[in-house]
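Reproduced below: start-v6.pdb, with PDB, C-alpha atoms.
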```pdb
MODEL        1
ATOM      1  CA  MET A   1      -0.387 -30.948  13.227  1.00  0.00           C
ATOM      2  CA  ASP A   2       2.574 -30.120  15.422  1.00  0.00           C
ATOM      3  CA  LYS A   3       2.683 -26.527  16.501  1.00  0.00           C
ATOM      4  CA  PHE A   4       5.569 -24.390  15.340  1.00  0.00           C
ATOM      5  CA  THR A   5       8.316 -23.512  17.801  1.00  0.00           C
ATOM      6  CA  VAL A   6       9.329 -19.906  18.448  1.00  0.00           C
ATOM      7  CA  GLU A   7      12.448 -20.446  16.335  1.00  0.00           C
ATOM      8  CA  GLU A   8      10.396 -21.874  13.467  1.00  0.00           C
ATOM      9  CA  ILE A   9       7.960 -18.946  13.577  1.00  0.00           C
ATOM     10  CA  ASN A  10      10.862 -16.483  13.543  1.00  0.00           C
ATOM     11  CA  LEU A  11      12.293 -18.168  10.440  1.00  0.00           C
ATOM     12  CA  MET A  12       8.890 -18.116   8.754  1.00  0.00           C
ATOM     13  CA  CYS A  13       8.557 -14.384   9.457  1.00  0.00           C
ATOM     14  CA  VAL A  14      11.456 -13.776   7.072  1.00  0.00           C
ATOM     15  CA  PHE A  15       9.237 -15.108   4.262  1.00  0.00           C
ATOM     16  CA  GLU A  16       5.927 -13.661   5.489  1.00  0.00           C
ATOM     17  CA  GLY A  17       3.491 -12.435   2.882  1.00  0.00           C
ATOM     18  CA  GLN A  18       4.219 -15.131   0.339  1.00  0.00           C
ATOM     19  CA  GLY A  19       1.634 -17.694   1.348  1.00  0.00           C
ATOM     20  CA  ARG A  20       2.360 -21.306   2.231  1.00  0.00           C
ATOM     21  CA  LYS A  21       3.466 -22.452  -1.233  1.00  0.00           C
ATOM     22  CA  GLY A  22       5.637 -19.386  -1.798  1.00  0.00           C
ATOM     23  CA  MET A  23       7.228 -19.840   1.603  1.00  0.00           C
ATOM     24  CA  ILE A  24       7.991 -23.498   0.831  1.00  0.00           C
ATOM     25  CA  ALA A  25       9.615 -22.535  -2.476  1.00  0.00           C
ATOM     26  CA  GLU A  26      11.718 -19.763  -0.918  1.00  0.00           C
ATOM     27  CA  ILE A  27      12.932 -21.928   1.958  1.00  0.00           C
ATOM     28  CA  LYS A  28      13.920 -24.664  -0.499  1.00  0.00           C
ATOM     29  CA  ASN A  29      15.824 -22.030  -2.501  1.00  0.00           C
ATOM     30  CA  ILE A  30      17.836 -20.769   0.469  1.00  0.00           C
ATOM     31  CA  ILE A  31      18.740 -24.088   2.124  1.00  0.00           C
ATOM     32  CA  PRO A  32      21.755 -24.710  -0.166  1.00  0.00           C
ATOM     33  CA  HIS A  33      23.122 -21.290   0.810  1.00  0.00           C
ATOM     34  CA  ILE A  34      22.839 -21.706   4.595  1.00  0.00           C
ATOM     35  CA  GLN A  35      26.238 -22.307   6.200  1.00  0.00           C
ATOM     36  CA  ASP A  36      25.004 -23.239   9.685  1.00  0.00           C
ATOM     37  CA  ASN A  37      23.912 -26.864  10.186  1.00  0.00           C
ATOM     38  CA  ASP A  38      21.446 -25.937  12.945  1.00  0.00           C
ATOM     39  CA  MET A  39      19.759 -23.422  10.644  1.00  0.00           C
ATOM     40  CA  VAL A  40      19.546 -26.014   7.865  1.00  0.00           C
ATOM     41  CA  GLU A  41      17.892 -28.419  10.294  1.00  0.00           C
ATOM     42  CA  LEU A  42      15.475 -25.704  11.418  1.00  0.00           C
ATOM     43  CA  ALA A  43      14.582 -24.837   7.821  1.00  0.00           C
ATOM     44  CA  GLU A  44      13.978 -28.514   7.029  1.00  0.00           C
ATOM     45  CA  GLN A  45      11.708 -28.863  10.086  1.00  0.00           C
ATOM     46  CA  VAL A  46       9.687 -25.860   8.933  1.00  0.00           C
ATOM     47  CA  LEU A  47       9.457 -27.277   5.405  1.00  0.00           C
ATOM     48  CA  GLY A  48       8.149 -30.583   6.706  1.00  0.00           C
ATOM     49  CA  LYS A  49       5.435 -28.895   8.733  1.00  0.00           C
ATOM     50  CA  LEU A  50       4.461 -26.508   5.929  1.00  0.00           C
ATOM     51  CA  GLU A  51       4.230 -29.329   3.392  1.00  0.00           C
ATOM     52  CA  ALA A  52       2.078 -31.396   5.759  1.00  0.00           C
ATOM     53  CA  MET A  53      -0.510 -28.659   6.345  1.00  0.00           C
ATOM     54  CA  SER A  54      -3.222 -27.201   4.163  1.00  0.00           C
ATOM     55  CA  ASP A  55      -3.479 -23.586   3.059  1.00  0.00           C
ATOM     56  CA  GLU A  56      -6.406 -23.214   5.469  1.00  0.00           C
ATOM     57  CA  GLU A  57      -4.310 -24.442   8.397  1.00  0.00           C
ATOM     58  CA  PHE A  58      -1.475 -22.139   7.357  1.00  0.00           C
ATOM     59  CA  ALA A  59      -3.842 -19.165   7.321  1.00  0.00           C
ATOM     60  CA  GLU A  60      -4.470 -19.764  11.047  1.00  0.00           C
ATOM     61  CA  VAL A  61      -0.770 -19.592  11.980  1.00  0.00           C
ATOM     62  CA  ALA A  62       0.102 -16.326  13.714  1.00  0.00           C
ATOM     63  CA  LEU A  63       3.343 -15.091  12.163  1.00  0.00           C
ATOM     64  CA  GLU A  64       4.683 -12.713  14.777  1.00  0.00           C
ATOM     65  CA  ALA A  65       8.398 -12.692  15.476  1.00  0.00           C
ATOM     66  CA  ALA A  66       9.391 -13.250  19.083  1.00  0.00           C
ATOM     67  CA  GLU A  67      12.403 -11.648  20.660  1.00  0.00           C
TER
ENDMDL
END
```

Can you turn what I pasted into structure tokens?
Amino acid sequence: MDKFTVEEINLMCVFEGQGRKGMIAEIKNIIPHIQDNDMVELAEQVLGKLEAMSDEEFAEVALEAAE
């Protein structure tokens, strides 16, 4: 499993507390509303990684926003 980038982790922190499946659903819901192409690409990268991992793997991901 590819590790998440700092940017990907920061995006995931917006949806923290929902679990992997909830996060996937929320990201899919917001993609049509994102105006910035780079942010859409980032969200799609995160989705791909989240969908490829198990709940157990997701539980090991440290969701701490970086500055």

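The closest residue to Gly19 of chain A, picked from A:Phe58, A:Ala43, A:Gly48, A:Leu63 and counting only C-alpha atoms, is A:Phe58.
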
Box along x, y and z, 4 Å on every side, all listed atoms of segment 10-27 of chain A inside: centre and edge lengths in Å to one decimal, as JSON.
```
{"center_x": 7.3, "center_y": -18.0, "center_z": 5.5, "size_x": 19.3, "size_y": 19.1, "size_z": 24.0}
```

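The coordinates place atom CA of His33 of chain A at 16.6 Å from atom CA of Met12 of chain A.
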
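For the set A:Leu50, A:Leu42, A:Ala65, A:Asn37, the residue with the smallest atom-to-atom gap to Met23 of chain A is A:Leu50, counting all atoms listed in the file.
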
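Between atom CA of Val6 of chain A and atom CA of Val40 of chain A lies a distance of 15.9 Å.
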
Rebuild segment 32-43 of chain A to all heavy atoms - output it as a short mmCIF file (atom, residue, chain, number, x, y, z; two decimals), keeping the file's coordinate frame, please.
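Output file selection-v6.cif is given in full below:
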```cif
data_model
loop_
_atom_site.label_atom_id
_atom_site.label_comp_id
_atom_site.auth_asym_id
_atom_site.auth_seq_id
_atom_site.Cartn_x
_atom_site.Cartn_y
_atom_site.Cartn_z
N PRO A 32 20.38 -24.45 0.29
CA PRO A 32 21.76 -24.71 -0.17
C PRO A 32 22.75 -23.60 0.18
O PRO A 32 23.96 -23.83 0.16
CB PRO A 32 21.61 -24.83 -1.69
CG PRO A 32 20.17 -25.11 -1.94
CD PRO A 32 19.43 -24.45 -0.82
N HIS A 33 22.26 -22.43 0.52
CA HIS A 33 23.12 -21.29 0.81
C HIS A 33 23.36 -21.08 2.30
O HIS A 33 24.15 -20.21 2.68
CB HIS A 33 22.53 -20.02 0.20
CG HIS A 33 22.26 -20.15 -1.26
ND1 HIS A 33 23.27 -20.15 -2.20
CD2 HIS A 33 21.11 -20.35 -1.94
CE1 HIS A 33 22.73 -20.32 -3.41
NE2 HIS A 33 21.43 -20.43 -3.27
N ILE A 34 22.69 -21.85 3.14
CA ILE A 34 22.84 -21.71 4.60
C ILE A 34 24.10 -22.44 5.04
O ILE A 34 24.28 -23.62 4.73
CB ILE A 34 21.60 -22.26 5.33
CG1 ILE A 34 20.33 -21.50 4.92
CG2 ILE A 34 21.80 -22.17 6.85
CD1 ILE A 34 19.05 -22.10 5.49
N GLN A 35 24.95 -21.75 5.75
CA GLN A 35 26.24 -22.31 6.20
C GLN A 35 26.14 -23.04 7.54
O GLN A 35 26.96 -23.88 7.85
CB GLN A 35 27.27 -21.18 6.32
CG GLN A 35 27.49 -20.40 5.05
CD GLN A 35 28.24 -21.21 4.01
OE1 GLN A 35 29.18 -21.91 4.33
NE2 GLN A 35 27.81 -21.13 2.77
N ASP A 36 25.13 -22.71 8.33
CA ASP A 36 25.00 -23.24 9.68
C ASP A 36 24.12 -24.49 9.69
O ASP A 36 22.96 -24.44 9.26
CB ASP A 36 24.41 -22.15 10.59
CG ASP A 36 24.27 -22.61 12.02
OD1 ASP A 36 25.32 -22.71 12.70
OD2 ASP A 36 23.14 -22.88 12.45
N ASN A 37 24.66 -25.60 10.18
CA ASN A 37 23.91 -26.86 10.19
C ASN A 37 22.63 -26.80 11.00
O ASN A 37 21.62 -27.40 10.64
CB ASN A 37 24.79 -28.01 10.69
CG ASN A 37 25.87 -28.38 9.70
OD1 ASN A 37 25.75 -28.13 8.51
ND2 ASN A 37 26.95 -28.98 10.19
N ASP A 38 22.65 -26.07 12.12
CA ASP A 38 21.45 -25.94 12.94
C ASP A 38 20.34 -25.19 12.19
O ASP A 38 19.17 -25.53 12.30
CB ASP A 38 21.76 -25.23 14.26
CG ASP A 38 22.62 -26.07 15.19
OD1 ASP A 38 22.59 -27.32 15.07
OD2 ASP A 38 23.32 -25.49 16.05
N MET A 39 20.75 -24.18 11.43
CA MET A 39 19.76 -23.42 10.64
C MET A 39 19.19 -24.27 9.51
O MET A 39 18.01 -24.17 9.18
CB MET A 39 20.38 -22.13 10.10
CG MET A 39 20.57 -21.06 11.13
SD MET A 39 19.03 -20.55 11.96
CE MET A 39 18.13 -19.85 10.60
N VAL A 40 20.03 -25.11 8.91
CA VAL A 40 19.55 -26.01 7.86
C VAL A 40 18.51 -26.97 8.46
O VAL A 40 17.44 -27.19 7.89
CB VAL A 40 20.71 -26.81 7.21
CG1 VAL A 40 20.18 -27.91 6.31
CG2 VAL A 40 21.61 -25.87 6.43
N GLU A 41 18.82 -27.51 9.62
CA GLU A 41 17.89 -28.42 10.29
C GLU A 41 16.58 -27.71 10.62
O GLU A 41 15.49 -28.27 10.41
CB GLU A 41 18.54 -28.96 11.57
CG GLU A 41 17.69 -29.98 12.30
CD GLU A 41 18.40 -30.54 13.54
OE1 GLU A 41 19.64 -30.59 13.56
OE2 GLU A 41 17.67 -30.91 14.48
N LEU A 42 16.67 -26.49 11.10
CA LEU A 42 15.48 -25.70 11.42
C LEU A 42 14.64 -25.47 10.16
O LEU A 42 13.41 -25.65 10.17
CB LEU A 42 15.87 -24.37 12.06
CG LEU A 42 14.73 -23.43 12.43
CD1 LEU A 42 13.89 -24.03 13.54
CD2 LEU A 42 15.27 -22.08 12.83
N ALA A 43 15.29 -25.08 9.08
CA ALA A 43 14.58 -24.84 7.82
C ALA A 43 13.90 -26.11 7.32
O ALA A 43 12.76 -26.07 6.84
CB ALA A 43 15.55 -24.29 6.77
#
```
